[in-house]
Amino acid sequence: MGGFENKVLWITPYKGHLSTHDSSTTITAKMVVGARNFLFLFVAIAIILIFWTSSSFTGGSKWTPELAKGDLLNPLKDIVNPPEVHAPPTIAEESEAKFKAEEEKAQKEKEEKEAAEKERLKAEEKAAVDLAKDDKNRPKKPTADKTDKDIPSKTDPDAAAESSKSEFNEEKYAFQQDLKLENPKFDTKDLRRYKPHNYRGPGHETFATYFSTRDSSLHDPYFLAAQQLAYRLLWDPRSKSAKHPLTVFVAPFISDEQRDLLQAAGALVKELDLVPWHPAVATYARWRDLFSKLNMWEQTDFSRITFLDLDTFPVENIDAIFDNAKTQQCRAELLPEEDKPKEKEICEYTFTGTEVPGYKEINVGVMVFNPNKAMHTRLMREYVHTEKYDSKMAEQAFLSFTYRTDGPFPASFVDRTWNGFFPQSDEEGKLKIIHEKLWAQNDHLPWANKMFPDTWADMRKLYESDEFVDLRKADGRREY
């Protein structure tokens with residue numbers, strides 16, 4: 001057997017015979033083939049592994065044994081929080097984001113403004129309701145005198161907030177709407193060249209009114225009322241004055257056409273500078289310029305003035321009101337330090353109004369006073385202290401405070417026959433002056449409802465006649 005240590009029995013079928021021979025060469029060849037096959041298998045396995053770990057199935061992720069346990073077609077499916085990939089924003093994306101932010105900011109600001117506007121309108125509506133209640137109840141339901149605590153204070157945060165939202169209620173009410181009444185047709189240019197009717201130069205008394213409707217037309221009710229007041233005081237046989245002119249003080253913005261019509265009718269027209277006013281609480285816009293009336297105290301070319309609001313209508317001669325207004329002496333001991341140097345000049349004064357029952361107020365729709373430079377200075381100094389008087393009632397409240405009965409310049413009074421404010425249904429024939437907007441509908445005054453249109457018709461009939469031309473010629477031509 002020793003001879004067979006390095007020998008292999010190779011049995012090869014050959015022609016039906018079994019033979020043995022030395023296989024050294026054949027074994028070597030077989031080993032080469034086996035090694036080649038093994039290497040091929042190894043390379044194949046390596047290629048498969050490389051393809052598996054780098055292919056799109058894994059999305060480029062590093063292959064791990066955990067992935068082998070998952071879905072080979074979706075290896076990231078079982079990962080709870082897959083990594084997020086954030087690409088830097090493009091210029092277009094940045095621009096779009098900026099635009100969106102600005103748009104959102106603008107929308108927010110718009111919503112805030114709309115909310116603020118709603119609050120402002122709500123405050124104005126409340127102020128209007130409160131004022132309407134005051135107007136309705138003031139003459140008919142007298143109450144106890146107001147105390148200092150009833151007067152709005154500038155330091156009151158609620159009053160300050162109300163004022164900051166809106167000083168004036170701009171709403172127009174029915175009685176402020178234009179009237180469908182035709183203005184008189186006369187030669188305005190020619191008739192205005194004549195002197196004011198009854199005017200006798202400086203140093204005399206005058207009736208007066210004040211017209212200050214902003215952006216008014218020739219059919220504005222207050223302008224028509226000014227014309228009718230001129231007719232009643234200068235020409236109407238029932239109520240004309242025997243000796244006093246009518247001065248219509250106007251605001252700077254009143255048109256030349258309106259001034260010319262008043263001058264043609266025989267009135268003296270004088271402009272007053274505006275006096276700015278900032279009320280402590282919201283009030284009517286139509287009262288915005290009423291503090292300009294204080295400049296009437298500067299008109300010292302008149303000895304005394306009987307002032308009538310545009311909604312006052314004399315129904316008979318009222319010249320005697322000047323006689324009822326007495327000259328008084330001030331309470332010098334009550335003068336503030338600012339007025340003491342002018343004591344001699346300021347202390348002789350006239351101020352007459354009508355008491356409002358139950359209120360510390362004077363109705364100044366009809367008042368008599370003497371113009372005085374020192375008093376004008378005092379009024380202009382004091383009116384800005386809005387905490388001292390009720391802003392809702394504008395210049396009436398201020399003058400009531402200035403001429404209060406316990407102050408240095410107590411007012412004297414005439415009864416309501418001279419100033420029938422808020423006339424009642426049973427006062428027909430009892431009033432010399434009806435203080436009511438007679439151009440508006442007043443259902444509680446059936447006896448007064450036709451007064452305004454009827455007097456308007458009478459006025460036009462006179463103004464458009466030859467008789468009126470002769471009456472104006474009798475006044476003589478103006479020197480200017």
# chains A, B, ... in the order shown; residues from 1 in each chain; ligands from 1

$ residues_around --residues "A:Gln424" --least-positions-apart "3" --cutoff "8 Å" --atoms "only C-alpha atoms" --output "PyMOL selection string"
chain A and resi 427+444-445

$ write_last_selection --atoms "N, CA and C atoms" --output "PDB file, in the first residue's frame"
ATOM      1  N   GLU A 427     -99.158 128.624  24.614  1.00  0.00           N
ATOM      2  CA  GLU A 427     -98.540 129.955  24.686  1.00  0.00           C
ATOM      3  C   GLU A 427     -98.824 130.814  23.452  1.00  0.00           C
ATOM      4  N   HIS A 444     -96.370 119.913  18.071  1.00  0.00           N
ATOM      5  CA  HIS A 444     -96.970 120.368  19.330  1.00  0.00           C
ATOM      6  C   HIS A 444     -97.357 121.851  19.276  1.00  0.00           C
ATOM      7  N   LEU A 445     -97.042 122.522  18.137  1.00  0.00           N
ATOM      8  CA  LEU A 445     -97.358 123.940  17.996  1.00  0.00           C
ATOM      9  C   LEU A 445     -98.203 124.178  16.741  1.00  0.00           C
TER      10      LEU A 445
END

$ residues_around --residues "A:Phe207" --least-positions-apart "2" --cutoff "12 Å" --atoms "only C-alpha atoms" --output "VMD selection string"
chain A and resid 197 to 199 204 to 205 209 to 210 229 to 230 232 to 234 240 to 249 267 to 269 296 302 to 309 314 318 to 322 366 to 370

$ write_last_selection --atoms "N, CA and C atoms" --output "CSV table (one decimal), in the first residue's frame"
chain,number,residue,atom,x,y,z
A,197,HIS,N,-80.6,149.7,6.9
A,197,HIS,CA,-81.8,150.4,7.4
A,197,HIS,C,-81.7,150.7,8.9
A,198,ASN,N,-82.1,151.9,9.3
A,198,ASN,CA,-82.1,152.4,10.7
A,198,ASN,C,-80.7,152.7,11.2
A,199,TYR,N,-79.7,152.5,10.4
A,199,TYR,CA,-78.3,152.7,10.9
A,199,TYR,C,-78.0,154.2,11.0
A,204,HIS,N,-74.4,153.8,18.7
A,204,HIS,CA,-75.8,153.5,19.0
A,204,HIS,C,-76.0,152.0,19.3
A,205,GLU,N,-77.2,151.7,19.6
A,205,GLU,CA,-77.6,150.3,19.9
A,205,GLU,C,-77.9,149.6,18.6
A,209,THR,N,-77.4,139.2,15.1
A,209,THR,CA,-77.5,137.8,15.1
A,209,THR,C,-76.1,137.3,14.5
A,210,TYR,N,-75.9,136.0,14.5
A,210,TYR,CA,-74.7,135.4,14.0
A,210,TYR,C,-74.9,134.2,13.1
A,229,LEU,N,-85.3,137.0,9.8
A,229,LEU,CA,-85.1,137.8,10.9
A,229,LEU,C,-84.9,139.3,10.5
A,230,ALA,N,-84.1,139.5,9.4
A,230,ALA,CA,-83.9,140.8,8.9
A,230,ALA,C,-85.3,141.4,8.5
A,232,ARG,N,-88.3,140.6,9.6
A,232,ARG,CA,-89.1,140.9,10.8
A,232,ARG,C,-88.7,142.1,11.6
A,233,LEU,N,-87.4,142.3,11.7
A,233,LEU,CA,-86.9,143.4,12.5
A,233,LEU,C,-86.9,144.7,11.8
A,234,LEU,N,-86.8,144.7,10.5
A,234,LEU,CA,-86.6,145.9,9.7
A,234,LEU,C,-87.8,146.3,8.9
A,240,LYS,N,-91.4,145.3,13.2
A,240,LYS,CA,-90.3,146.0,12.8
A,240,LYS,C,-89.9,147.1,13.9
A,241,SER,N,-88.6,147.3,14.0
A,241,SER,CA,-88.1,148.3,14.9
A,241,SER,C,-88.3,149.7,14.4
A,242,ALA,N,-88.6,150.6,15.3
A,242,ALA,CA,-88.8,152.0,14.8
A,242,ALA,C,-87.4,152.7,14.7
A,243,LYS,N,-86.3,152.2,15.3
A,243,LYS,CA,-85.1,153.0,15.3
A,243,LYS,C,-83.8,152.1,15.3
A,244,HIS,N,-83.9,150.9,15.5
A,244,HIS,CA,-82.6,150.1,15.6
A,244,HIS,C,-82.3,149.3,14.3
A,245,PRO,N,-81.1,149.3,13.9
A,245,PRO,CA,-80.6,148.5,12.8
A,245,PRO,C,-80.5,147.0,13.2
A,246,LEU,N,-80.2,146.2,12.2
A,246,LEU,CA,-79.9,144.8,12.5
A,246,LEU,C,-78.5,144.5,11.9
A,247,THR,N,-77.6,144.0,12.8
A,247,THR,CA,-76.2,143.6,12.3
A,247,THR,C,-76.2,142.1,12.3
A,248,VAL,N,-75.9,141.6,11.1
A,248,VAL,CA,-75.7,140.2,10.9
A,248,VAL,C,-74.2,139.9,11.0
A,249,PHE,N,-73.7,139.4,12.1
A,249,PHE,CA,-72.3,139.0,12.2
A,249,PHE,C,-72.1,137.6,11.4
A,267,ALA,N,-79.7,144.9,6.0
A,267,ALA,CA,-78.9,144.5,7.2
A,267,ALA,C,-77.5,145.0,7.1
A,268,LEU,N,-76.9,145.3,8.2
A,268,LEU,CA,-75.4,145.6,8.3
A,268,LEU,C,-74.7,144.3,8.5
A,269,VAL,N,-73.8,144.0,7.6
A,269,VAL,CA,-73.1,142.7,7.7
A,269,VAL,C,-71.6,142.9,8.1
A,296,MET,N,-68.1,139.5,19.6
A,296,MET,CA,-69.1,140.6,19.6
A,296,MET,C,-68.8,141.6,20.7
A,302,PHE,N,-70.7,149.9,18.8
A,302,PHE,CA,-72.1,149.8,19.3
A,302,PHE,C,-72.1,150.0,20.8
A,303,SER,N,-73.0,150.8,21.3
A,303,SER,CA,-73.1,151.1,22.7
A,303,SER,C,-73.7,149.8,23.4
A,304,ARG,N,-74.7,149.2,22.9
A,304,ARG,CA,-75.2,148.0,23.4
A,304,ARG,C,-75.8,147.1,22.2
A,305,ILE,N,-75.8,145.8,22.5
A,305,ILE,CA,-76.3,144.9,21.5
A,305,ILE,C,-77.3,144.0,22.1
A,306,THR,N,-78.5,143.9,21.4
A,306,THR,CA,-79.5,142.8,21.7
A,306,THR,C,-79.3,141.7,20.7
A,307,PHE,N,-78.8,140.6,21.2
A,307,PHE,CA,-78.4,139.5,20.3
A,307,PHE,C,-79.6,138.5,20.3
A,308,LEU,N,-79.9,138.0,19.1
A,308,LEU,CA,-81.0,137.0,18.9
A,308,LEU,C,-80.4,135.9,18.1
A,309,ASP,N,-80.6,134.6,18.6
A,309,ASP,CA,-80.3,133.5,17.8
A,309,ASP,C,-81.0,133.4,16.5
A,314,PRO,N,-89.2,137.4,16.4
A,314,PRO,CA,-90.1,138.4,17.0
A,314,PRO,C,-91.4,138.4,16.3
A,318,ILE,N,-90.0,144.8,19.6
A,318,ILE,CA,-89.3,144.4,20.8
A,318,ILE,C,-88.3,145.5,21.2
A,319,ASP,N,-88.4,146.7,20.7
A,319,ASP,CA,-87.5,147.8,21.1
A,319,ASP,C,-87.3,148.0,22.6
A,320,ALA,N,-88.4,147.7,23.3
A,320,ALA,CA,-88.3,147.9,24.8
A,320,ALA,C,-87.4,147.0,25.5
A,321,ILE,N,-86.9,146.0,24.9
A,321,ILE,CA,-85.9,145.1,25.5
A,321,ILE,C,-84.7,145.9,25.9
A,322,PHE,N,-84.3,146.9,25.2
A,322,PHE,CA,-83.1,147.7,25.6
A,322,PHE,C,-83.4,148.4,26.9
A,366,VAL,N,-81.6,135.0,23.5
A,366,VAL,CA,-81.8,136.4,23.4
A,366,VAL,C,-81.1,137.0,24.6
A,367,MET,N,-80.2,137.9,24.4
A,367,MET,CA,-79.4,138.6,25.4
A,367,MET,C,-79.0,140.0,25.1
A,368,VAL,N,-78.9,140.8,26.1
A,368,VAL,CA,-78.5,142.2,25.9
A,368,VAL,C,-77.2,142.4,26.6
A,369,PHE,N,-76.2,143.0,26.0
A,369,PHE,CA,-74.9,143.3,26.6
A,369,PHE,C,-74.2,144.5,26.0
A,370,ASN,N,-73.2,145.0,26.7
A,370,ASN,CA,-72.5,146.1,26.2
A,370,ASN,C,-71.1,145.6,25.8

$ atom_distance --atom1 "atom CA of A:His278" --atom2 "atom CA of A:Tyr389"
12.6 Å

$ atom_distance --atom1 "atom CA of A:Leu471" --atom2 "atom CA of A:Leu272"
28.6 Å

$ residues_around --residues "A:Pro184" --least-positions-apart "6" --cutoff "9 Å" --atoms "only C-alpha atoms" --output "list in words"
Leu261, Met459, Arg460, Lys461, Tyr463 and Glu464 of chain A

$ write_last_selection --atoms "C-alpha atoms" --output "mmCIF file, in the first residue's frame"
data_model
loop_
_atom_site.group_PDB
_atom_site.id
_atom_site.type_symbol
_atom_site.label_atom_id
_atom_site.label_comp_id
_atom_site.auth_asym_id
_atom_site.auth_seq_id
_atom_site.Cartn_x
_atom_site.Cartn_y
_atom_site.Cartn_z
ATOM 1 C CA LEU A 261 -78.512 139.239 -0.163
ATOM 2 C CA MET A 459 -91.136 139.028 2.600
ATOM 3 C CA ARG A 460 -90.761 138.049 -1.051
ATOM 4 C CA LYS A 461 -93.818 140.073 -2.005
ATOM 5 C CA TYR A 463 -88.731 142.678 -1.676
ATOM 6 C CA GLU A 464 -89.820 142.116 -5.279
#

$ residues_around --residues "A:Gly420" --least-positions-apart "4" --cutoff "7 Å" --atoms "only C-alpha atoms" --output "count of residues only"
5

$ select_by_dssp --residues "stretch 158-402 of chain A" --states "helix (DSSP H, G or I)" --output "ChimeraX atom specification"
/A:158-165,174-176,188-191,221-234,256-264,285-287,290-298,321-324,332-334,340-346,373-382,386-388,391-402

$ write_last_selection --atoms "C-alpha atoms" --output "compact mmCIF listing (two decimals), in the first residue's frame"
# COMPACT_ATOMS: atom_id res chain seq x y z
CA ASP A 158 -63.92 108.78 30.73
CA ALA A 159 -64.55 112.35 29.58
CA ALA A 160 -61.03 112.56 28.17
CA ALA A 161 -61.47 109.31 26.26
CA GLU A 162 -64.79 110.48 24.83
CA SER A 163 -63.24 113.77 23.73
CA SER A 164 -60.23 112.09 22.15
CA LYS A 165 -62.47 109.98 19.92
CA ALA A 174 -83.75 117.06 9.67
CA PHE A 175 -83.95 120.72 10.69
CA GLN A 176 -80.52 121.31 9.11
CA THR A 188 -78.98 142.62 -5.24
CA LYS A 189 -76.06 144.59 -6.65
CA ASP A 190 -78.02 147.85 -6.66
CA LEU A 191 -79.88 147.48 -3.36
CA PRO A 221 -82.35 126.94 6.78
CA TYR A 222 -80.15 129.10 9.00
CA PHE A 223 -79.40 131.43 6.10
CA LEU A 224 -83.11 131.68 5.26
CA ALA A 225 -83.79 132.31 8.96
CA ALA A 226 -81.25 135.16 8.91
CA GLN A 227 -83.11 136.71 5.98
CA GLN A 228 -86.46 136.32 7.72
CA LEU A 229 -85.08 137.82 10.94
CA ALA A 230 -83.93 140.85 8.92
CA TYR A 231 -87.40 141.18 7.43
CA ARG A 232 -89.14 140.85 10.81
CA LEU A 233 -86.90 143.42 12.55
CA LEU A 234 -86.61 145.93 9.69
CA ASP A 256 -70.23 136.97 -0.84
CA GLU A 257 -73.54 136.01 -2.45
CA GLN A 258 -75.11 135.37 0.94
CA ARG A 259 -73.66 138.57 2.37
CA ASP A 260 -74.97 140.57 -0.60
CA LEU A 261 -78.51 139.24 -0.16
CA LEU A 262 -78.50 140.27 3.51
CA GLN A 263 -77.10 143.71 2.70
CA ALA A 264 -79.65 144.22 -0.08
CA ALA A 285 -70.83 120.07 15.09
CA ARG A 286 -73.18 122.99 14.37
CA TRP A 287 -71.94 124.55 17.63
CA LEU A 290 -70.36 129.54 18.33
CA PHE A 291 -67.57 130.76 20.62
CA SER A 292 -66.79 133.25 17.87
CA LYS A 293 -69.75 135.17 19.33
CA LEU A 294 -67.37 136.28 22.08
CA ASN A 295 -65.82 138.62 19.52
CA MET A 296 -69.06 140.64 19.61
CA TRP A 297 -67.81 142.08 22.94
CA GLU A 298 -65.03 143.65 20.89
CA ILE A 321 -85.93 145.11 25.55
CA PHE A 322 -83.12 147.66 25.55
CA ASP A 323 -84.93 149.58 28.31
CA ASN A 324 -85.36 146.43 30.38
CA ALA A 332 -65.19 144.24 42.62
CA GLU A 333 -64.18 142.16 45.64
CA LEU A 334 -64.76 139.00 43.58
CA LYS A 340 -58.24 144.11 38.96
CA PRO A 341 -55.97 146.44 36.93
CA LYS A 342 -58.99 147.00 34.60
CA GLU A 343 -61.56 147.37 37.38
CA LYS A 344 -62.60 150.89 36.41
CA GLU A 345 -63.05 149.91 32.78
CA ILE A 346 -64.73 146.55 33.25
CA LYS A 373 -62.52 145.56 25.39
CA ALA A 374 -61.61 144.56 28.94
CA MET A 375 -64.57 142.17 29.15
CA HIS A 376 -63.61 140.73 25.77
CA THR A 377 -60.10 140.05 27.13
CA ARG A 378 -61.60 138.37 30.17
CA LEU A 379 -63.91 136.16 28.09
CA MET A 380 -61.11 135.09 25.76
CA ARG A 381 -58.93 134.21 28.72
CA GLU A 382 -61.57 132.18 30.53
CA THR A 386 -63.67 123.90 29.69
CA GLU A 387 -63.63 122.07 33.03
CA LYS A 388 -65.57 125.01 34.54
CA SER A 391 -69.29 121.68 27.12
CA LYS A 392 -72.46 120.01 25.87
CA MET A 393 -74.19 123.39 25.99
CA ALA A 394 -71.28 125.28 24.36
CA GLU A 395 -71.16 129.08 24.71
CA GLN A 396 -74.48 129.17 26.60
CA ALA A 397 -72.91 127.19 29.46
CA PHE A 398 -69.80 129.38 29.41
CA LEU A 399 -71.75 132.65 29.52
CA SER A 400 -73.96 131.18 32.25
CA PHE A 401 -70.81 130.52 34.26
CA THR A 402 -69.30 133.95 33.49

$ atom_distance --atom1 "atom CA of A:Pro336" --atom2 "atom CA of A:Ile362"
22.2 Å
